[in-house]
file my_file_26.txt (compact mmCIF, N, CA, C and O atoms)
# COMPACT_ATOMS: atom_id res chain seq x y z
N MET Q 1 30.50 39.36 68.01
CA MET Q 1 31.90 39.70 68.09
C MET Q 1 32.51 38.93 69.25
O MET Q 1 31.96 38.93 70.35
N ASN Q 2 33.61 38.28 69.00
CA ASN Q 2 34.29 37.51 70.03
C ASN Q 2 35.50 38.30 70.50
O ASN Q 2 36.35 38.68 69.70
N LEU Q 3 35.59 38.58 71.81
CA LEU Q 3 36.72 39.30 72.39
C LEU Q 3 37.58 38.32 73.16
O LEU Q 3 37.07 37.39 73.78
N ALA Q 4 38.89 38.56 73.14
CA ALA Q 4 39.81 37.70 73.87
C ALA Q 4 41.00 38.52 74.33
O ALA Q 4 41.37 39.51 73.71
N LYS Q 5 41.60 38.06 75.42
CA LYS Q 5 42.84 38.65 75.93
C LYS Q 5 43.87 37.55 75.99
O LYS Q 5 43.61 36.47 76.51
N LYS Q 6 45.06 37.82 75.42
CA LYS Q 6 46.18 36.88 75.50
C LYS Q 6 47.32 37.55 76.24
O LYS Q 6 47.55 38.75 76.10
N ASP Q 7 48.05 36.74 77.02
CA ASP Q 7 49.23 37.27 77.70
C ASP Q 7 50.42 37.24 76.76
O ASP Q 7 50.31 36.84 75.59
N GLU Q 8 51.59 37.63 77.27
CA GLU Q 8 52.80 37.70 76.44
C GLU Q 8 53.24 36.34 75.92
O GLU Q 8 53.99 36.26 74.95
N ASP Q 9 52.76 35.27 76.53
CA ASP Q 9 53.09 33.93 76.06
C ASP Q 9 52.05 33.36 75.10
O ASP Q 9 52.16 32.23 74.65
N GLY Q 10 51.00 34.14 74.82
CA GLY Q 10 49.96 33.69 73.91
C GLY Q 10 48.84 32.91 74.57
O GLY Q 10 47.96 32.41 73.88
N ALA Q 11 48.85 32.82 75.90
CA ALA Q 11 47.79 32.11 76.61
C ALA Q 11 46.61 33.05 76.83
O ALA Q 11 46.78 34.24 77.12
N TYR Q 12 45.41 32.51 76.69
CA TYR Q 12 44.20 33.31 76.91
C TYR Q 12 44.05 33.63 78.40
O TYR Q 12 44.36 32.80 79.25
N VAL Q 13 43.57 34.85 78.69
CA VAL Q 13 43.48 35.33 80.07
C VAL Q 13 42.02 35.49 80.47
O VAL Q 13 41.29 36.30 79.89
N PRO Q 14 41.56 34.73 81.48
CA PRO Q 14 40.19 34.90 81.99
C PRO Q 14 40.10 36.16 82.85
O PRO Q 14 41.11 36.75 83.25
N ASN Q 15 38.87 36.57 83.13
CA ASN Q 15 38.58 37.70 84.03
C ASN Q 15 39.17 39.02 83.55
O ASN Q 15 39.60 39.84 84.35
N THR Q 16 39.19 39.23 82.23
CA THR Q 16 39.58 40.51 81.65
C THR Q 16 38.31 41.21 81.19
O THR Q 16 37.47 40.59 80.53
N SER Q 17 38.16 42.48 81.56
CA SER Q 17 36.94 43.22 81.20
C SER Q 17 37.24 44.23 80.10
O SER Q 17 38.27 44.91 80.12
N PHE Q 18 36.29 44.31 79.17
CA PHE Q 18 36.37 45.24 78.05
C PHE Q 18 35.13 46.11 78.03
O PHE Q 18 34.02 45.61 78.24
N LYS Q 19 35.30 47.39 77.72
CA LYS Q 19 34.18 48.30 77.50
C LYS Q 19 34.05 48.48 75.99
O LYS Q 19 35.05 48.61 75.29
N LEU Q 20 32.80 48.46 75.49
CA LEU Q 20 32.54 48.64 74.07
C LEU Q 20 31.69 49.88 73.85
O LEU Q 20 30.83 50.21 74.67
N SER Q 21 31.93 50.54 72.71
CA SER Q 21 31.15 51.72 72.34
C SER Q 21 31.14 51.82 70.82
O SER Q 21 32.06 51.34 70.15
N TYR Q 22 30.12 52.47 70.28
CA TYR Q 22 30.11 52.78 68.86
C TYR Q 22 30.83 54.11 68.60
O TYR Q 22 30.97 54.53 67.46
N ASN Q 23 31.29 54.78 69.67
CA ASN Q 23 31.93 56.09 69.56
C ASN Q 23 33.41 55.98 69.90
O ASN Q 23 33.78 55.35 70.89
N SER Q 24 34.25 56.60 69.11
CA SER Q 24 35.71 56.50 69.28
C SER Q 24 36.20 57.09 70.60
O SER Q 24 37.28 56.75 71.06
N ASP Q 25 35.41 57.97 71.22
CA ASP Q 25 35.81 58.54 72.51
C ASP Q 25 35.26 57.71 73.68
O ASP Q 25 35.36 58.12 74.83
N MET Q 26 34.67 56.58 73.38
CA MET Q 26 34.11 55.62 74.34
C MET Q 26 32.90 56.18 75.10
O MET Q 26 32.50 55.63 76.11
N SER Q 27 32.30 57.25 74.57
CA SER Q 27 31.10 57.79 75.19
C SER Q 27 29.91 56.88 74.88
O SER Q 27 29.95 56.10 73.93
N ASP Q 28 28.89 56.97 75.70
CA ASP Q 28 27.67 56.18 75.54
C ASP Q 28 28.00 54.70 75.32
O ASP Q 28 27.65 54.10 74.30
N PRO Q 29 28.68 54.07 76.30
CA PRO Q 29 29.11 52.68 76.12
C PRO Q 29 27.96 51.71 75.90
O PRO Q 29 26.87 51.90 76.44
N ILE Q 30 28.23 50.69 75.11
CA ILE Q 30 27.27 49.62 74.87
C ILE Q 30 27.19 48.75 76.11
O ILE Q 30 26.13 48.27 76.49
N GLY Q 31 28.34 48.54 76.76
CA GLY Q 31 28.40 47.73 77.96
C GLY Q 31 29.81 47.32 78.26
O GLY Q 31 30.74 47.63 77.52
N THR Q 32 29.97 46.62 79.37
CA THR Q 32 31.25 46.06 79.77
C THR Q 32 31.11 44.55 79.79
O THR Q 32 30.13 44.03 80.32
N TYR Q 33 32.08 43.86 79.22
CA TYR Q 33 32.02 42.41 79.06
C TYR Q 33 33.30 41.80 79.60
O TYR Q 33 34.39 42.32 79.38
N THR Q 34 33.18 40.66 80.30
CA THR Q 34 34.32 40.03 80.95
C THR Q 34 34.55 38.64 80.38
O THR Q 34 33.60 37.86 80.23
N THR Q 35 35.82 38.34 80.11
CA THR Q 35 36.16 37.02 79.57
C THR Q 35 35.92 35.94 80.61
O THR Q 35 36.10 36.15 81.81
N GLY Q 36 35.51 34.78 80.13
CA GLY Q 36 35.25 33.64 81.00
C GLY Q 36 36.51 32.83 81.24
O GLY Q 36 37.62 33.27 80.96
N ALA Q 37 36.32 31.62 81.71
CA ALA Q 37 37.43 30.73 82.06
C ALA Q 37 38.33 30.43 80.86
O ALA Q 37 39.52 30.17 81.03
N ASP Q 38 37.76 30.49 79.64
CA ASP Q 38 38.56 30.22 78.44
C ASP Q 38 39.25 31.46 77.90
O ASP Q 38 39.92 31.42 76.87
N GLY Q 39 39.09 32.62 78.56
CA GLY Q 39 39.75 33.85 78.14
C GLY Q 39 39.06 34.58 77.01
O GLY Q 39 39.63 35.49 76.42
N THR Q 40 37.82 34.18 76.69
CA THR Q 40 37.08 34.84 75.62
C THR Q 40 35.68 35.21 76.11
O THR Q 40 35.19 34.67 77.10
N VAL Q 41 35.07 36.13 75.39
CA VAL Q 41 33.67 36.49 75.65
C VAL Q 41 33.02 36.81 74.31
O VAL Q 41 33.61 37.49 73.47
N LEU Q 42 31.82 36.29 74.09
CA LEU Q 42 31.06 36.54 72.87
C LEU Q 42 30.06 37.66 73.16
O LEU Q 42 29.25 37.55 74.08
N VAL Q 43 30.13 38.73 72.37
CA VAL Q 43 29.21 39.85 72.50
C VAL Q 43 28.27 39.78 71.30
O VAL Q 43 28.70 39.89 70.16
N GLU Q 44 26.99 39.58 71.59
CA GLU Q 44 26.01 39.41 70.53
C GLU Q 44 25.15 40.65 70.37
O GLU Q 44 25.15 41.54 71.21
N LYS Q 45 24.41 40.68 69.27
CA LYS Q 45 23.43 41.72 68.97
C LYS Q 45 24.04 43.10 68.82
O LYS Q 45 23.43 44.11 69.19
N LEU Q 46 25.24 43.16 68.26
CA LEU Q 46 25.85 44.44 67.93
C LEU Q 46 25.43 44.86 66.53
O LEU Q 46 25.17 44.01 65.67
N LEU Q 47 25.36 46.15 66.31
CA LEU Q 47 25.05 46.65 64.98
C LEU Q 47 26.23 46.36 64.04
O LEU Q 47 27.38 46.33 64.48
N PRO Q 48 25.96 46.17 62.74
CA PRO Q 48 27.03 45.88 61.78
C PRO Q 48 27.77 47.16 61.39
O PRO Q 48 27.58 47.72 60.32
N LYS Q 49 28.58 47.66 62.30
CA LYS Q 49 29.35 48.89 62.08
C LYS Q 49 30.58 48.88 62.96
O LYS Q 49 30.82 47.91 63.67
N LYS Q 50 31.35 49.97 62.94
CA LYS Q 50 32.55 50.06 63.76
C LYS Q 50 32.20 50.01 65.24
O LYS Q 50 31.25 50.64 65.69
N VAL Q 51 33.01 49.24 65.96
CA VAL Q 51 32.88 49.13 67.41
C VAL Q 51 34.25 49.44 67.99
O VAL Q 51 35.28 48.99 67.47
N TYR Q 52 34.27 50.20 69.07
CA TYR Q 52 35.52 50.55 69.74
C TYR Q 52 35.60 49.77 71.05
O TYR Q 52 34.60 49.65 71.76
N VAL Q 53 36.78 49.23 71.32
CA VAL Q 53 36.99 48.33 72.45
C VAL Q 53 38.15 48.86 73.29
O VAL Q 53 39.19 49.25 72.75
N GLN Q 54 37.95 48.85 74.61
CA GLN Q 54 39.00 49.29 75.52
C GLN Q 54 39.02 48.37 76.74
O GLN Q 54 37.98 48.10 77.33
N GLU Q 55 40.21 47.88 77.10
CA GLU Q 55 40.36 47.09 78.32
C GLU Q 55 40.10 47.99 79.52
O GLU Q 55 40.58 49.12 79.56
N VAL Q 56 39.37 47.48 80.50
CA VAL Q 56 39.12 48.26 81.72
C VAL Q 56 39.56 47.52 82.98
O VAL Q 56 39.67 48.13 84.03
N ALA Q 57 39.82 46.21 82.88
CA ALA Q 57 40.30 45.46 84.04
C ALA Q 57 40.99 44.19 83.56
O ALA Q 57 40.50 43.53 82.64
N VAL Q 58 42.12 43.88 84.19
CA VAL Q 58 42.84 42.63 83.93
C VAL Q 58 43.30 42.06 85.26
O VAL Q 58 43.50 42.80 86.22
N PRO Q 59 43.46 40.73 85.34
CA PRO Q 59 43.94 40.15 86.60
C PRO Q 59 45.41 40.50 86.83
O PRO Q 59 46.17 40.68 85.88
N GLU Q 60 45.78 40.59 88.11
CA GLU Q 60 47.19 40.82 88.44
C GLU Q 60 48.00 39.60 88.04
O GLU Q 60 47.47 38.49 88.06
N PRO Q 61 49.21 39.71 87.62
CA PRO Q 61 50.07 40.87 87.59
C PRO Q 61 50.04 41.62 86.26
O PRO Q 61 50.90 42.44 86.00
N LEU Q 62 49.07 41.33 85.40
CA LEU Q 62 49.00 41.99 84.10
C LEU Q 62 48.68 43.47 84.25
O LEU Q 62 48.10 43.90 85.24
N ILE Q 63 49.04 44.23 83.22
CA ILE Q 63 48.79 45.67 83.20
C ILE Q 63 47.75 45.96 82.12
O ILE Q 63 47.82 45.43 81.02
N ILE Q 64 46.80 46.83 82.45
CA ILE Q 64 45.75 47.20 81.50
C ILE Q 64 46.35 47.88 80.28
O ILE Q 64 47.20 48.77 80.40
N ASP Q 65 45.91 47.45 79.10
CA ASP Q 65 46.23 48.13 77.85
C ASP Q 65 45.06 49.06 77.57
O ASP Q 65 44.03 48.64 77.08
N SER Q 66 45.19 50.34 77.92
CA SER Q 66 44.07 51.28 77.83
C SER Q 66 43.86 51.85 76.43
O SER Q 66 42.96 52.67 76.22
N GLU Q 67 44.66 51.40 75.45
CA GLU Q 67 44.49 51.87 74.08
C GLU Q 67 43.11 51.49 73.56
O GLU Q 67 42.65 50.36 73.75
N ILE Q 68 42.44 52.43 72.92
CA ILE Q 68 41.14 52.16 72.30
C ILE Q 68 41.39 51.53 70.94
O ILE Q 68 42.10 52.09 70.11
N LYS Q 69 40.81 50.36 70.75
CA LYS Q 69 41.00 49.64 69.49
C LYS Q 69 39.69 49.63 68.70
O LYS Q 69 38.60 49.61 69.28
N GLU Q 70 39.81 49.62 67.40
CA GLU Q 70 38.67 49.68 66.50
C GLU Q 70 38.50 48.34 65.80
O GLU Q 70 39.47 47.71 65.40
N SER Q 71 37.24 47.93 65.68
CA SER Q 71 36.93 46.71 64.95
C SER Q 71 35.62 46.95 64.21
O SER Q 71 34.81 47.77 64.63
N THR Q 72 35.42 46.25 63.12
CA THR Q 72 34.16 46.37 62.40
C THR Q 72 33.38 45.07 62.61
O THR Q 72 33.87 43.99 62.30
N ASN Q 73 32.19 45.21 63.19
CA ASN Q 73 31.34 44.06 63.43
C ASN Q 73 30.61 43.71 62.14
O ASN Q 73 29.87 44.51 61.60
N ARG Q 74 30.80 42.50 61.66
CA ARG Q 74 30.17 42.06 60.41
C ARG Q 74 29.26 40.85 60.65
O ARG Q 74 28.72 40.29 59.72
N ASN Q 75 29.13 40.41 61.91
CA ASN Q 75 28.43 39.18 62.19
C ASN Q 75 26.92 39.33 62.35
O ASN Q 75 26.20 38.35 62.40
N GLU Q 76 26.41 40.51 62.49
CA GLU Q 76 24.99 40.69 62.75
C GLU Q 76 24.28 41.17 61.50
O GLU Q 76 24.76 41.93 60.75

call {"tool": "encode", "arguments": {"input": "my_file_26.txt", "output": "structure tokens"}}
result
Amino acid sequence: MNLAKKDEDGAYVPNTSFKLSYNSDMSDPIGTYTTGADGTVLVEKLLPKKVYVQEVAVPEPLIIDSEIKESTNRNE
């Protein structure tokens, strides 16, 4: 699963951290992953099922979008 953060202008944002979980309440997290210089991070070895993603850190002056988002991992 490839995660990315874009700003309001559509530019990718490095140093953004996301928490992942297989649970909609974000309990028992899989881990926290941070985007690299290109504004993306590849998360490998996930089960082929629903994954919940939540931003936990963004560089200033951006504001964290704490909404929990759902995605279905089909790559593994």

call {"tool": "closest_residue", "arguments": {"input": "my_file_26.txt", "among": "Q:Leu20, Q:Met1, Q:Val41, Q:Ala11", "to": "Q:Arg74", "atoms": "all atoms listed in the file"}}
result
Q:Met1

call {"tool": "residues_around", "arguments": {"input": "my_file_26.txt", "residues": "Q:Leu42", "least_positions_apart": "3", "cutoff": "7 Å", "atoms": "all atoms listed in the file", "output": "compact mmCIF listing (two decimals) with N, CA, C and O atoms, in the frame of the given file"}}
result
# COMPACT_ATOMS: atom_id res chain seq x y z
N MET Q 1 30.50 39.36 68.01
CA MET Q 1 31.90 39.70 68.09
C MET Q 1 32.51 38.93 69.25
O MET Q 1 31.96 38.93 70.35
N ASN Q 2 33.61 38.28 69.00
CA ASN Q 2 34.29 37.51 70.03
C ASN Q 2 35.50 38.30 70.50
O ASN Q 2 36.35 38.68 69.70
N LEU Q 3 35.59 38.58 71.81
CA LEU Q 3 36.72 39.30 72.39
C LEU Q 3 37.58 38.32 73.16
O LEU Q 3 37.07 37.39 73.78
N THR Q 34 33.18 40.66 80.30
CA THR Q 34 34.32 40.03 80.95
C THR Q 34 34.55 38.64 80.38
O THR Q 34 33.60 37.86 80.23

call {"tool": "residues_near_point", "arguments": {"input": "my_file_26.txt", "point": "(39.9, 48.5, 65.2)", "cutoff": "7 Å", "atoms": "all atoms listed in the file", "output": "list in words"}}
result
Val51, Tyr52, Val53, Ile68, Lys69, Glu70, Ser71 and Thr72 of chain Q

call {"tool": "atom_distance", "arguments": {"input": "my_file_26.txt", "atom1": "atom N of Q:Pro14", "atom2": "atom CA of Q:Asp38"}}
result
6.2 Å

call {"tool": "atom_distance", "arguments": {"input": "my_file_26.txt", "atom1": "atom N of Q:Gly31", "atom2": "atom CA of Q:Leu62"}}
result
22.9 Å

call {"tool": "atom_distance", "arguments": {"input": "my_file_26.txt", "atom1": "atom CA of Q:Tyr22", "atom2": "atom CA of Q:Ile63"}}
result
24.6 Å

call {"tool": "residues_around", "arguments": {"input": "my_file_26.txt", "residues": "Q:Val13", "least_positions_apart": "2", "cutoff": "8 Å", "atoms": "all atoms listed in the file", "output": "ChimeraX atom specification"}}
result
/Q:3-7,10-11,15-17,34-41,57-59

call {"tool": "select_by_dssp", "arguments": {"input": "my_file_26.txt", "residues": "chain Q", "states": "strand (DSSP E or B)", "output": "list in words"}}
result
Asn2, Leu3, Ala4, Lys6, Tyr12, Ser17, Phe18, Lys19, Leu20, Ser21, Gly31, Thr32, Tyr33, Thr34, Thr40, Val41, Leu42, Lys50, Val51, Tyr52, Val53, Gln54, Glu55, Val56, Ala57, Lys69, Glu70, Ser71 and Thr72 of chain Q

call {"tool": "closest_residue", "arguments": {"input": "my_file_26.txt", "among": "Q:Glu44, Q:Lys50, Q:Pro61, Q:Val56", "to": "Q:Phe18", "atoms": "only C-alpha atoms"}}
result
Q:Val56
